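Chemist: Just one file: protein_35.cif, with mmCIF, C-alpha atoms and all ligand atoms.
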```
data_upload
loop_
_atom_site.group_PDB
_atom_site.id
_atom_site.type_symbol
_atom_site.label_atom_id
_atom_site.label_comp_id
_atom_site.auth_asym_id
_atom_site.auth_seq_id
_atom_site.Cartn_x
_atom_site.Cartn_y
_atom_site.Cartn_z
ATOM 1 C CA MET A 1 206.596 64.189 -9.661
ATOM 2 C CA LYS A 2 203.903 64.903 -7.085
ATOM 3 C CA ARG A 3 201.109 66.888 -8.767
ATOM 4 C CA ILE A 4 200.873 66.117 -12.449
ATOM 5 C CA LEU A 5 198.897 67.772 -15.249
ATOM 6 C CA ILE A 6 198.427 65.748 -18.434
ATOM 7 C CA THR A 7 197.327 67.329 -21.734
ATOM 8 C CA GLY A 8 195.682 65.152 -24.391
ATOM 9 C CA ALA A 9 194.527 62.856 -21.583
ATOM 10 C CA LEU A 10 191.822 61.238 -23.716
ATOM 11 C CA GLY A 11 194.304 60.184 -26.398
ATOM 12 C CA GLN A 12 196.061 56.842 -26.892
ATOM 13 C CA ILE A 13 198.958 57.513 -24.507
ATOM 14 C CA GLY A 14 197.110 60.022 -22.313
ATOM 15 C CA SER A 15 194.250 57.795 -21.224
ATOM 16 C CA GLU A 16 196.544 54.978 -20.052
ATOM 17 C CA LEU A 17 199.174 57.321 -18.620
ATOM 18 C CA THR A 18 196.523 59.131 -16.555
ATOM 19 C CA MET A 19 195.308 55.845 -15.075
ATOM 20 C CA LYS A 20 198.873 54.649 -14.379
ATOM 21 C CA CYS A 21 199.884 57.956 -12.761
ATOM 22 C CA ARG A 22 196.737 57.918 -10.588
ATOM 23 C CA GLU A 23 197.609 54.392 -9.437
ATOM 24 C CA ILE A 24 201.115 55.476 -8.452
ATOM 25 C CA TYR A 25 200.796 59.113 -7.324
ATOM 26 C CA GLY A 26 197.175 59.167 -6.095
ATOM 27 C CA GLU A 27 193.877 59.893 -7.848
ATOM 28 C CA ASP A 28 193.660 63.551 -6.798
ATOM 29 C CA GLN A 29 197.272 64.251 -7.729
ATOM 30 C CA VAL A 30 196.787 63.777 -11.471
ATOM 31 C CA ILE A 31 194.834 66.411 -13.405
ATOM 32 C CA ALA A 32 193.626 65.056 -16.731
ATOM 33 C CA THR A 33 192.908 67.653 -19.419
ATOM 34 C CA ASP A 34 191.701 67.462 -22.988
ATOM 35 C CA ILE A 35 189.878 69.620 -25.500
ATOM 36 C CA ARG A 36 186.688 67.528 -25.139
ATOM 37 C CA GLN A 37 184.706 65.878 -22.345
ATOM 38 C CA PRO A 38 185.342 62.155 -21.771
ATOM 39 C CA LYS A 39 182.595 60.007 -23.329
ATOM 40 C CA ASP A 40 182.711 57.325 -20.649
ATOM 41 C CA GLU A 41 183.607 57.018 -16.975
ATOM 42 C CA LYS A 42 187.231 56.052 -17.688
ATOM 43 C CA LEU A 43 188.934 59.094 -16.144
ATOM 44 C CA SER A 44 186.206 60.022 -13.674
ATOM 45 C CA ASN A 45 188.221 58.875 -10.613
ATOM 46 C CA GLY A 46 190.163 62.164 -10.449
ATOM 47 C CA PRO A 47 190.163 65.812 -11.574
ATOM 48 C CA PHE A 48 189.372 66.536 -15.227
ATOM 49 C CA GLU A 49 189.400 69.950 -16.964
ATOM 50 C CA ILE A 50 188.626 71.016 -20.508
ATOM 51 C CA LEU A 51 191.828 72.589 -21.850
ATOM 52 C CA ASP A 52 192.646 73.757 -25.354
ATOM 53 C CA VAL A 53 196.457 73.821 -25.233
ATOM 54 C CA MET A 54 196.463 76.806 -27.609
ATOM 55 C CA ASP A 55 194.983 78.866 -24.761
ATOM 56 C CA GLY A 56 198.085 79.787 -22.751
ATOM 57 C CA ASN A 57 196.139 81.738 -20.083
ATOM 58 C CA LYS A 58 193.854 78.802 -19.282
ATOM 59 C CA PHE A 59 196.879 76.485 -19.253
ATOM 60 C CA LEU A 60 198.583 78.635 -16.605
ATOM 61 C CA GLU A 61 195.329 79.066 -14.668
ATOM 62 C CA TYR A 62 194.857 75.284 -14.237
ATOM 63 C CA VAL A 63 198.505 74.680 -13.411
ATOM 64 C CA LYS A 64 198.294 77.326 -10.665
ATOM 65 C CA LYS A 65 194.847 76.200 -9.454
ATOM 66 C CA TYR A 66 196.076 72.642 -8.834
ATOM 67 C CA ARG A 67 199.620 73.645 -7.767
ATOM 68 C CA VAL A 68 201.078 71.390 -10.446
ATOM 69 C CA ASP A 69 204.794 70.489 -10.322
ATOM 70 C CA SER A 70 204.986 68.308 -13.452
ATOM 71 C CA ILE A 71 203.465 68.776 -16.916
ATOM 72 C CA LEU A 72 203.150 65.819 -19.277
ATOM 73 C CA HIS A 73 202.274 67.449 -22.587
ATOM 74 C CA LEU A 74 200.767 64.931 -25.010
ATOM 75 C CA ALA A 75 198.204 66.929 -27.020
ATOM 76 C CA ALA A 76 199.320 66.865 -30.682
ATOM 77 C CA LEU A 77 198.304 65.771 -34.178
ATOM 78 C CA LEU A 78 199.943 62.539 -35.388
ATOM 79 C CA SER A 79 201.905 62.093 -38.606
ATOM 80 C CA ALA A 80 199.259 61.192 -41.217
ATOM 81 C CA THR A 81 196.767 63.829 -40.041
ATOM 82 C CA ALA A 82 199.559 66.408 -39.852
ATOM 83 C CA GLU A 83 200.560 65.590 -43.424
ATOM 84 C CA ASN A 84 196.981 66.132 -44.602
ATOM 85 C CA HIS A 85 196.580 69.359 -42.569
ATOM 86 C CA PRO A 86 200.085 70.841 -42.310
ATOM 87 C CA LEU A 87 199.125 74.366 -41.189
ATOM 88 C CA LYS A 88 196.746 73.117 -38.526
ATOM 89 C CA ALA A 89 199.510 70.732 -37.352
ATOM 90 C CA TRP A 90 202.069 73.517 -37.151
ATOM 91 C CA LYS A 91 199.678 75.654 -35.086
ATOM 92 C CA LEU A 92 198.520 72.976 -32.678
ATOM 93 C CA ASN A 93 201.798 71.103 -32.329
ATOM 94 C CA MET A 94 204.008 74.184 -31.994
ATOM 95 C CA ASP A 95 201.769 76.774 -30.252
ATOM 96 C CA GLY A 96 200.516 74.088 -27.858
ATOM 97 C CA LEU A 97 204.086 73.048 -27.070
ATOM 98 C CA LEU A 98 205.228 76.645 -26.523
ATOM 99 C CA ASN A 99 202.335 77.276 -24.128
ATOM 100 C CA ALA A 100 203.230 74.104 -22.234
ATOM 101 C CA LEU A 101 206.919 75.070 -22.031
ATOM 102 C CA GLU A 102 206.156 78.659 -21.053
ATOM 103 C CA THR A 103 203.788 77.457 -18.317
ATOM 104 C CA SER A 104 206.481 75.090 -17.040
ATOM 105 C CA ARG A 105 208.971 77.954 -16.990
ATOM 106 C CA LEU A 106 206.605 80.272 -15.098
ATOM 107 C CA VAL A 107 205.770 77.775 -12.351
ATOM 108 C CA LYS A 108 209.119 75.882 -12.443
ATOM 109 C CA ALA A 109 207.411 72.572 -13.302
ATOM 110 C CA GLN A 110 209.187 69.480 -14.574
ATOM 111 C CA PHE A 111 208.253 68.867 -18.217
ATOM 112 C CA PHE A 112 207.776 65.901 -20.565
ATOM 113 C CA THR A 113 206.698 65.766 -24.195
ATOM 114 C CA PRO A 114 207.042 62.874 -26.635
ATOM 115 C CA SER A 115 209.117 63.134 -29.774
ATOM 116 C CA SER A 116 208.979 60.345 -32.359
ATOM 117 C CA ILE A 117 210.868 58.245 -34.895
ATOM 118 C CA GLY A 118 209.207 60.818 -37.170
ATOM 119 C CA ALA A 119 211.948 63.264 -36.120
ATOM 120 C CA PHE A 120 214.230 61.386 -38.538
ATOM 121 C CA GLY A 121 214.173 61.675 -42.316
ATOM 122 C CA PRO A 122 215.305 59.924 -45.498
ATOM 123 C CA SER A 123 218.912 61.144 -45.101
ATOM 124 C CA THR A 124 219.182 59.686 -41.553
ATOM 125 C CA PRO A 125 221.030 56.314 -41.314
ATOM 126 C CA LYS A 126 218.227 53.730 -41.734
ATOM 127 C CA ASN A 127 219.451 50.902 -39.530
ATOM 128 C CA ASN A 128 220.345 51.113 -35.862
ATOM 129 C CA THR A 129 219.806 54.879 -36.121
ATOM 130 C CA PRO A 130 222.074 56.519 -33.519
ATOM 131 C CA GLN A 131 220.863 58.801 -30.727
ATOM 132 C CA VAL A 132 222.691 61.764 -32.226
ATOM 133 C CA THR A 133 222.498 61.844 -36.003
ATOM 134 C CA LEU A 134 221.288 63.745 -39.037
ATOM 135 C CA GLN A 135 217.656 64.902 -38.588
ATOM 136 C CA ARG A 136 216.172 66.325 -41.790
ATOM 137 C CA PRO A 137 212.562 65.033 -41.754
ATOM 138 C CA THR A 138 210.401 65.600 -44.832
ATOM 139 C CA THR A 139 207.005 65.573 -43.062
ATOM 140 C CA MET A 140 205.248 68.374 -41.162
ATOM 141 C CA TYR A 141 205.002 66.055 -38.133
ATOM 142 C CA GLY A 142 208.753 65.410 -38.254
ATOM 143 C CA ILE A 143 209.526 69.104 -38.558
ATOM 144 C CA ASN A 144 207.294 69.752 -35.501
ATOM 145 C CA LYS A 145 209.098 67.003 -33.567
ATOM 146 C CA VAL A 146 212.628 68.261 -34.343
ATOM 147 C CA ALA A 147 211.570 71.813 -33.467
ATOM 148 C CA GLY A 148 210.025 70.436 -30.259
ATOM 149 C CA GLU A 149 213.257 68.653 -29.296
ATOM 150 C CA LEU A 150 215.261 71.829 -29.893
ATOM 151 C CA LEU A 151 212.787 74.045 -28.018
ATOM 152 C CA SER A 152 212.803 71.661 -25.063
ATOM 153 C CA ASP A 153 216.613 71.798 -25.009
ATOM 154 C CA TYR A 154 216.420 75.605 -25.260
ATOM 155 C CA TYR A 155 214.139 75.855 -22.216
ATOM 156 C CA PHE A 156 216.540 73.634 -20.299
ATOM 157 C CA TYR A 157 219.704 75.551 -21.185
ATOM 158 C CA LYS A 158 218.249 79.077 -21.110
ATOM 159 C CA TYR A 159 215.752 78.859 -18.247
ATOM 160 C CA GLY A 160 216.725 75.712 -16.343
ATOM 161 C CA VAL A 161 213.352 74.013 -16.980
ATOM 162 C CA ASP A 162 213.746 70.278 -16.271
ATOM 163 C CA THR A 163 212.639 69.157 -19.767
ATOM 164 C CA ARG A 164 212.701 65.472 -20.760
ATOM 165 C CA GLY A 165 211.515 63.565 -23.836
ATOM 166 C CA LEU A 166 211.377 60.236 -25.658
ATOM 167 C CA ARG A 167 211.451 59.494 -29.372
ATOM 168 C CA PHE A 168 208.597 57.016 -29.462
ATOM 169 C CA PRO A 169 208.209 54.384 -32.155
ATOM 170 C CA GLY A 170 204.730 53.109 -33.119
ATOM 171 C CA LEU A 171 202.885 52.386 -29.865
ATOM 172 C CA ILE A 172 200.614 49.350 -29.684
ATOM 173 C CA SER A 173 197.736 49.242 -27.209
ATOM 174 C CA TYR A 174 194.277 47.735 -26.825
ATOM 175 C CA LEU A 175 192.411 50.402 -24.824
ATOM 176 C CA THR A 176 192.283 53.701 -26.721
ATOM 177 C CA PRO A 177 192.815 53.838 -30.497
ATOM 178 C CA PRO A 178 195.481 56.323 -31.718
ATOM 179 C CA GLY A 179 194.006 57.917 -34.861
ATOM 180 C CA GLY A 180 195.895 59.730 -37.586
ATOM 181 C CA GLY A 181 199.256 57.965 -37.192
ATOM 182 C CA THR A 182 201.308 56.091 -39.786
ATOM 183 C CA THR A 183 201.841 53.165 -37.411
ATOM 184 C CA ASP A 184 198.128 52.721 -36.508
ATOM 185 C CA TYR A 185 197.987 49.589 -38.708
ATOM 186 C CA ALA A 186 199.862 47.685 -36.006
ATOM 187 C CA ILE A 187 196.798 47.971 -33.749
ATOM 188 C CA GLU A 188 194.161 47.556 -36.457
ATOM 189 C CA ILE A 189 195.754 44.217 -37.473
ATOM 190 C CA TYR A 190 194.963 42.673 -34.082
ATOM 191 C CA GLU A 191 191.429 44.050 -33.919
ATOM 192 C CA GLU A 192 190.547 42.986 -37.470
ATOM 193 C CA ALA A 193 192.211 39.576 -37.084
ATOM 194 C CA LEU A 194 189.908 38.826 -34.153
ATOM 195 C CA LYS A 195 186.799 40.479 -35.585
ATOM 196 C CA ASN A 196 186.912 39.471 -39.254
ATOM 197 C CA GLY A 197 189.864 37.098 -39.693
ATOM 198 C CA ARG A 198 191.386 39.423 -42.283
ATOM 199 C CA TYR A 199 193.043 42.817 -42.609
ATOM 200 C CA THR A 200 193.957 45.029 -45.552
ATOM 201 C CA CYS A 201 197.167 46.838 -44.651
ATOM 202 C CA TYR A 202 197.872 50.328 -45.968
ATOM 203 C CA LEU A 203 201.660 49.835 -45.753
ATOM 204 C CA ALA A 204 203.635 47.437 -47.972
ATOM 205 C CA LYS A 205 204.450 43.986 -46.568
ATOM 206 C CA GLY A 206 208.191 44.623 -46.083
ATOM 207 C CA THR A 207 208.056 48.083 -44.437
ATOM 208 C CA SER A 208 210.245 47.849 -41.286
ATOM 209 C CA LEU A 209 209.391 50.219 -38.447
ATOM 210 C CA ASP A 210 210.143 50.352 -34.729
ATOM 211 C CA MET A 211 207.298 49.477 -32.349
ATOM 212 C CA MET A 212 206.708 49.229 -28.597
ATOM 213 C CA TYR A 213 203.884 47.907 -26.404
ATOM 214 C CA MET A 214 202.041 50.523 -24.305
ATOM 215 C CA PRO A 215 203.061 49.124 -20.859
ATOM 216 C CA ASP A 216 206.711 49.607 -21.877
ATOM 217 C CA ALA A 217 205.981 53.133 -23.133
ATOM 218 C CA LEU A 218 204.316 54.121 -19.836
ATOM 219 C CA ALA A 219 207.159 52.621 -17.807
ATOM 220 C CA ALA A 220 209.669 54.506 -19.988
ATOM 221 C CA ILE A 221 207.927 57.864 -19.362
ATOM 222 C CA LEU A 222 207.783 57.320 -15.612
ATOM 223 C CA ASP A 223 211.342 55.958 -15.347
ATOM 224 C CA LEU A 224 212.679 58.897 -17.340
ATOM 225 C CA MET A 225 210.746 61.427 -15.229
ATOM 226 C CA GLU A 226 211.993 59.864 -12.000
ATOM 227 C CA ALA A 227 215.619 59.516 -13.186
ATOM 228 C CA GLU A 228 218.211 61.651 -11.472
ATOM 229 C CA SER A 229 218.662 64.822 -13.503
ATOM 230 C CA SER A 230 222.476 64.705 -13.476
ATOM 231 C CA LYS A 231 222.435 61.328 -15.301
ATOM 232 C CA LEU A 232 220.599 62.717 -18.328
ATOM 233 C CA LYS A 233 222.982 63.791 -21.071
ATOM 234 C CA HIS A 234 220.523 63.692 -23.968
ATOM 235 C CA ARG A 235 217.211 64.802 -22.391
ATOM 236 C CA ASN A 236 215.341 65.839 -25.559
ATOM 237 C CA SER A 237 214.827 63.247 -26.703
ATOM 238 C CA TYR A 238 215.903 59.636 -26.136
ATOM 239 C CA ASN A 239 215.546 56.923 -28.791
ATOM 240 C CA VAL A 240 213.387 54.109 -27.348
ATOM 241 C CA THR A 241 212.186 50.945 -29.085
ATOM 242 C CA ALA A 242 211.333 47.336 -28.323
ATOM 243 C CA MET A 243 211.186 45.715 -31.789
ATOM 244 C CA SER A 244 211.647 46.455 -35.466
ATOM 245 C CA VAL A 245 208.846 44.760 -37.431
ATOM 246 C CA THR A 246 207.134 44.691 -40.827
ATOM 247 C CA PRO A 247 203.404 44.171 -41.544
ATOM 248 C CA GLY A 248 204.425 40.720 -42.823
ATOM 249 C CA ASP A 249 206.034 39.895 -39.442
ATOM 250 C CA PHE A 250 202.839 40.880 -37.598
ATOM 251 C CA ALA A 251 200.739 38.692 -39.915
ATOM 252 C CA LYS A 252 203.016 35.664 -39.370
ATOM 253 C CA GLU A 253 202.956 36.107 -35.594
ATOM 254 C CA ILE A 254 199.160 36.448 -35.480
ATOM 255 C CA GLN A 255 198.767 33.366 -37.703
ATOM 256 C CA LYS A 256 200.524 31.308 -34.996
ATOM 257 C CA HIS A 257 197.410 31.954 -32.842
ATOM 258 C CA LEU A 258 194.769 32.449 -35.563
ATOM 259 C CA PRO A 259 195.893 30.182 -38.437
ATOM 260 C CA HIS A 260 193.089 31.331 -40.768
ATOM 261 C CA PHE A 261 194.022 35.006 -40.535
ATOM 262 C CA VAL A 262 194.500 36.521 -43.998
ATOM 263 C CA MET A 263 196.385 39.734 -44.669
ATOM 264 C CA ASP A 264 196.343 41.637 -47.937
ATOM 265 C CA TYR A 265 197.722 45.010 -48.960
ATOM 266 C CA ASN A 266 196.349 48.204 -50.465
ATOM 267 C CA VAL A 267 199.128 50.748 -50.104
ATOM 268 C CA ASP A 268 198.183 54.315 -49.149
ATOM 269 C CA PRO A 269 200.785 56.528 -50.871
ATOM 270 C CA VAL A 270 200.742 59.258 -48.181
ATOM 271 C CA ARG A 271 201.383 56.929 -45.258
ATOM 272 C CA GLN A 272 203.812 54.743 -47.242
ATOM 273 C CA ARG A 273 205.882 57.813 -48.129
ATOM 274 C CA ILE A 274 205.968 58.824 -44.456
ATOM 275 C CA ALA A 275 206.956 55.305 -43.344
ATOM 276 C CA ASP A 276 209.654 55.086 -46.034
ATOM 277 C CA SER A 277 211.199 58.315 -44.738
ATOM 278 C CA TRP A 278 211.567 56.865 -41.200
ATOM 279 C CA PRO A 279 214.286 54.500 -39.913
ATOM 280 C CA ASN A 280 213.968 50.702 -40.102
ATOM 281 C CA SER A 281 215.313 50.402 -36.565
ATOM 282 C CA ILE A 282 216.692 52.840 -33.996
ATOM 283 C CA ASP A 283 219.377 52.401 -31.348
ATOM 284 C CA ALA A 284 218.200 52.890 -27.749
ATOM 285 C CA ALA A 285 221.675 52.554 -26.170
ATOM 286 C CA ALA A 286 221.663 56.064 -24.608
ATOM 287 C CA ALA A 287 218.283 55.459 -22.894
ATOM 288 C CA LYS A 288 219.561 52.105 -21.598
ATOM 289 C CA SER A 289 222.802 53.448 -20.198
ATOM 290 C CA GLU A 290 221.624 56.834 -18.874
ATOM 291 C CA TRP A 291 218.387 55.849 -17.070
ATOM 292 C CA GLY A 292 217.996 52.087 -17.435
ATOM 293 C CA PHE A 293 215.403 51.749 -20.237
ATOM 294 C CA LYS A 294 214.497 48.045 -20.516
ATOM 295 C CA PRO A 295 211.368 47.019 -22.448
ATOM 296 C CA ALA A 296 209.665 43.813 -21.330
ATOM 297 C CA TYR A 297 207.676 42.993 -24.474
ATOM 298 C CA ASP A 298 208.799 41.668 -27.857
ATOM 299 C CA LEU A 299 206.579 40.741 -30.824
ATOM 300 C CA GLU A 300 205.873 37.282 -29.388
ATOM 301 C CA ASN A 301 204.718 38.119 -25.853
ATOM 302 C CA MET A 302 203.024 41.335 -26.973
ATOM 303 C CA THR A 303 200.941 39.404 -29.526
ATOM 304 C CA ILE A 304 199.809 36.920 -26.873
ATOM 305 C CA ASP A 305 198.823 39.762 -24.543
ATOM 306 C CA MET A 306 197.081 41.848 -27.241
ATOM 307 C CA LEU A 307 194.974 38.912 -28.455
ATOM 308 C CA GLU A 308 194.074 37.930 -24.900
ATOM 309 C CA LYS A 309 193.149 41.459 -23.771
ATOM 310 C CA LEU A 310 191.196 42.329 -26.936
ATOM 311 C CA THR A 311 189.278 39.051 -26.733
ATOM 312 C CA LYS A 312 188.319 39.716 -23.108
ATOM 313 C CA GLN A 313 187.397 43.303 -23.855
ATOM 314 C CA ASN A 314 185.258 42.682 -26.929
ATOM 315 C CA SER A 315 183.989 39.078 -26.696
ATOM 316 C CA TYR A 316 184.507 38.381 -30.445
ATOM 317 C CA PHE A 317 183.616 34.708 -30.168
HETATM 318 C C1 LIG B 401 202.613 58.144 -35.884
HETATM 319 O O1 LIG B 401 202.538 57.134 -36.606
HETATM 320 O O2 LIG B 401 202.371 59.288 -36.268
HETATM 321 C C2 LIG B 401 203.072 57.955 -34.447
HETATM 322 C C3 LIG B 401 204.545 58.089 -34.338
HETATM 323 C C4 LIG B 401 205.448 56.975 -34.720
HETATM 324 O O3 LIG B 401 205.013 59.119 -33.942
HETATM 325 N N1 LIG B 401 202.633 56.686 -33.965
#
```
So, in terms of C-alpha cells, how does the structure I just supplied come out?

Modeler:
Amino acid sequence: MKRILITGALGQIGSELTMKCREIYGEDQVIATDIRQPKDEKLSNGPFEILDVMDGNKFLEYVKKYRVDSILHLAALLSATAENHPLKAWKLNMDGLLNALETSRLVKAQFFTPSSIGAFGPSTPKNNTPQVTLQRPTTMYGINKVAGELLSDYYFYKYGVDTRGLRFPGLISYLTPPGGGTTDYAIEIYEEALKNGRYTCYLAKGTSLDMMYMPDALAAILDLMEAESSKLKHRNSYNVTAMSVTPGDFAKEIQKHLPHFVMDYNVDPVRQRIADSWPNSIDAAAAKSEWGFKPAYDLENMTIDMLEKLTKQNSYF
C-alpha cells in the first residue's frame, strides 16, 4: 500500500485506521473520506474529501485524483441499525460495496473491506466456529456480509482484484464510539463504569461473543494488507478474534479495578436475538497460519488500558 483511500473515515475503525495509516505511510498518502465533515481537528493532518459511497462517479473521481493504489472500504451500517432499517442497509452496504469494488477493478487498486461474526447464523457451529462453515445468517447485516465476502471473492477470481477481508468480532476502543452495533455494550460498560459506577446492559449476562481491542484490529488490517498474496488461501474473509466474553465477564473484570461498579440487565429483544444468532467463539487458525495474526490484548490487559485511557481522556475524577 502506498496511496490509500479510506471510506467511512469518521467511524469507529476509520478514524483510528486513518491516523495509524498516516503514521506509517505518510500524512499526504492517506485520503480520508466520509459522508460528513469532521467535527473536530482529528483528521485535519491530511487530505479529506466528502464522499457518499453510493456515488460511484465521485468515488472513481477521487481515486483517480489522488492516484490511489489501495482502497479500505469501511462505510456501512452496523447490525442493530441494519435490522431496524433493512432496506436502507441493503442499499448502503451493497451498493456502496459494489462501487468500491468496481472502482478497485477500474484502477487496479488493492482492496479491503471488513466482514463480521455477523456473517454466521444460528445453524453455524456455535463454538470454535471454523473458517469454512455453514453461513446462513438471519439478519440483514449478516446477509450483507456474506454477500460482501462472495462479491469480494468474485472480483478476485473474475477480474484479479487483490481483495482481502477480515471477519471482525466486536471491536472495543476508547476514541470514537461505534453506534448501531450489537456489541457496542462492551464499550459503554467501561465509559459508564467510570462515569456513573453502574451500567444497564441490553444483552443477557451469559451471552458469549468474540471481541478484540482496536490496536489488534488495526494491526490485523495492516498485516493482512501487507501479507504476500500467494500465502492467502481464504482472502474473503478471515476469522479473527482475541477473546470470547460475556457481559458478566466484563463486569467481573471491571470490578477488580472499580469494586463498587454495579451492572444490571434490561434485555433489548432485537439486539439479543442478533447476538444469539452469532457464534460464542470463532477459530482464527487460518489467519494465524496464513499471515501470522497474533493479538496482543486479552480481557485483562485490555481492561487496564481502556480504564487508563478513558480516565486520561475524560477526567472523570
Ligand atoms: C456489530 O455489532 O454490528 C459489529 C459487528 C460484530 O460486526 N460490531

Chemist: Please evaluate the PyMOL selection byres (((chain A and resi 45) around 10) and not hetatm) against the structure above and give the resulting residues as a PyMOL selection string.

Modeler: chain A and resi 19+22+27-28+30+41-44+46-48

Chemist: Could you write out the selected residues, including C-alpha atoms, as a compact mmCIF listing (two decimals), keeping the file's coordinate frame?

Modeler:
```txt
# COMPACT_ATOMS: atom_id res chain seq x y z
CA MET A 19 195.31 55.84 -15.08
CA ARG A 22 196.74 57.92 -10.59
CA GLU A 27 193.88 59.89 -7.85
CA ASP A 28 193.66 63.55 -6.80
CA VAL A 30 196.79 63.78 -11.47
CA GLU A 41 183.61 57.02 -16.98
CA LYS A 42 187.23 56.05 -17.69
CA LEU A 43 188.93 59.09 -16.14
CA SER A 44 186.21 60.02 -13.67
CA GLY A 46 190.16 62.16 -10.45
CA PRO A 47 190.16 65.81 -11.57
CA PHE A 48 189.37 66.54 -15.23
```

Chemist: Hey, could you pull the box centre and edge lengths for segment 245-254 of chain A, axis-aligned, 5 Å padding per side, all listed atoms, to one decimal in Å, as JSON?

Modeler:
```
{"center_x": 204.0, "center_y": 40.2, "center_z": -39.2, "size_x": 19.7, "size_y": 19.1, "size_z": 17.3}
```

Chemist: For Asp298 of chain A, which of A:Trp278, A:Tyr213, A:Tyr141, A:Tyr238 is the closest residue, counting all atoms listed in the file?

Modeler: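 Ranking A:Trp278, A:Tyr213, A:Tyr141, A:Tyr238 by distance to Asp298 of chain A, first place goes to A:Tyr213.
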
Chemist: Just the residues within 7 Å of Pro38 of chain A, please, counting only C-alpha atoms, with nothing from its chain fewer than 2 positions along; format it as a ChimeraX atom specification.

Modeler: /A:10,36,40

Chemist: Could you list, as a PyMOL selection string, every residue matched by the PyMOL selection byres (((chain A and resi 67) around 12) and not hetatm) in this structure?

Modeler: chain A and resi 1-5+28-31+60-66+68-71+103-104+107-109

Chemist: Ligand LIG 401 (chain B): which residues are within 10 Å, counting all atoms listed in the file? Reply as a ChimeraX atom specification.

Modeler: /A:12,76-83,114-119,141-142,145,167-172,178-186,209-212,271,274-275,278

Chemist: Leaving out Leu101 of chain A and any residue of its chain fewer than 2 positions from it, which residues lie within 8 Å of it when counting all atoms listed in the file, given as a list of chain:residue names?

Modeler: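 Result of the neighbour search: A:Leu97, A:Leu98, A:Asn99, A:Thr103, A:Ser104, A:Arg105, A:Phe111, A:Ser152, A:Tyr155.
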
Chemist: Using the chain letters and numbers from this file, what does the PyMOL selection byres (((chain A and resi 261) around 12) and not hetatm) select? Give the answer as an MDAnalysis selection string.

Modeler: chainID A and resid 189:200 250:260 262:264

Chemist: Leaving out Pro279 of chain A and any residue of its chain fewer than 2 positions from it, which residues lie within 8 Å of it when counting all atoms listed in the file, given as a PyMOL selection string?

Modeler: chain A and resi 117+120-122+124-127+129+208-210+276-277+281-282

Chemist: Go ahead and compute the interatomic distance for atom CA of Val267 of chain A and atom CA of Cys201 of chain A, in Å to one decimal.

Modeler: 7.0 Å

Chemist: Some atoms are absent from segment 69-73 of chain A, so rebuild all heavy atoms and return them as a PDB file, keeping the file's coordinate frame.

Modeler:
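File produced: part.pdb:
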```pdb
ATOM      1  N   ASP A  69     203.328  70.402 -10.244  1.00  0.00           N
ATOM      2  CA  ASP A  69     204.794  70.489 -10.322  1.00  0.00           C
ATOM      3  C   ASP A  69     205.365  69.738 -11.528  1.00  0.00           C
ATOM      4  O   ASP A  69     206.573  69.774 -11.762  1.00  0.00           O
ATOM      5  CB  ASP A  69     205.445  70.003  -9.014  1.00  0.00           C
ATOM      6  CG  ASP A  69     205.224  68.524  -8.774  1.00  0.00           C
ATOM      7  OD1 ASP A  69     204.926  67.794  -9.729  1.00  0.00           O
ATOM      8  OD2 ASP A  69     205.337  68.087  -7.611  1.00  0.00           O
ATOM      9  N   SER A  70     204.498  69.040 -12.270  1.00  0.00           N
ATOM     10  CA  SER A  70     204.986  68.308 -13.452  1.00  0.00           C
ATOM     11  C   SER A  70     203.942  68.371 -14.559  1.00  0.00           C
ATOM     12  O   SER A  70     202.759  68.104 -14.307  1.00  0.00           O
ATOM     13  CB  SER A  70     205.219  66.836 -13.116  1.00  0.00           C
ATOM     14  OG  SER A  70     206.047  66.716 -11.993  1.00  0.00           O
ATOM     15  N   ILE A  71     204.381  68.703 -15.767  1.00  0.00           N
ATOM     16  CA  ILE A  71     203.465  68.776 -16.916  1.00  0.00           C
ATOM     17  C   ILE A  71     203.870  67.703 -17.923  1.00  0.00           C
ATOM     18  O   ILE A  71     205.034  67.658 -18.353  1.00  0.00           O
ATOM     19  CB  ILE A  71     203.533  70.175 -17.575  1.00  0.00           C
ATOM     20  CG1 ILE A  71     202.999  71.226 -16.588  1.00  0.00           C
ATOM     21  CG2 ILE A  71     202.752  70.201 -18.890  1.00  0.00           C
ATOM     22  CD1 ILE A  71     203.100  72.666 -17.078  1.00  0.00           C
ATOM     23  N   LEU A  72     202.912  66.831 -18.247  1.00  0.00           N
ATOM     24  CA  LEU A  72     203.150  65.819 -19.277  1.00  0.00           C
ATOM     25  C   LEU A  72     202.318  66.240 -20.482  1.00  0.00           C
ATOM     26  O   LEU A  72     201.092  66.096 -20.482  1.00  0.00           O
ATOM     27  CB  LEU A  72     202.747  64.423 -18.769  1.00  0.00           C
ATOM     28  CG  LEU A  72     203.338  64.017 -17.406  1.00  0.00           C
ATOM     29  CD1 LEU A  72     202.877  62.608 -17.006  1.00  0.00           C
ATOM     30  CD2 LEU A  72     204.865  64.067 -17.416  1.00  0.00           C
ATOM     31  N   HIS A  73     202.983  66.801 -21.475  1.00  0.00           N
ATOM     32  CA  HIS A  73     202.274  67.449 -22.587  1.00  0.00           C
ATOM     33  C   HIS A  73     202.167  66.487 -23.773  1.00  0.00           C
ATOM     34  O   HIS A  73     203.148  66.257 -24.492  1.00  0.00           O
ATOM     35  CB  HIS A  73     203.031  68.718 -22.992  1.00  0.00           C
ATOM     36  CG  HIS A  73     202.425  69.389 -24.180  1.00  0.00           C
ATOM     37  ND1 HIS A  73     201.119  69.815 -24.210  1.00  0.00           N
ATOM     38  CD2 HIS A  73     202.932  69.684 -25.411  1.00  0.00           C
ATOM     39  CE1 HIS A  73     200.855  70.358 -25.392  1.00  0.00           C
ATOM     40  NE2 HIS A  73     201.935  70.283 -26.135  1.00  0.00           N
TER      41      HIS A  73
END
```
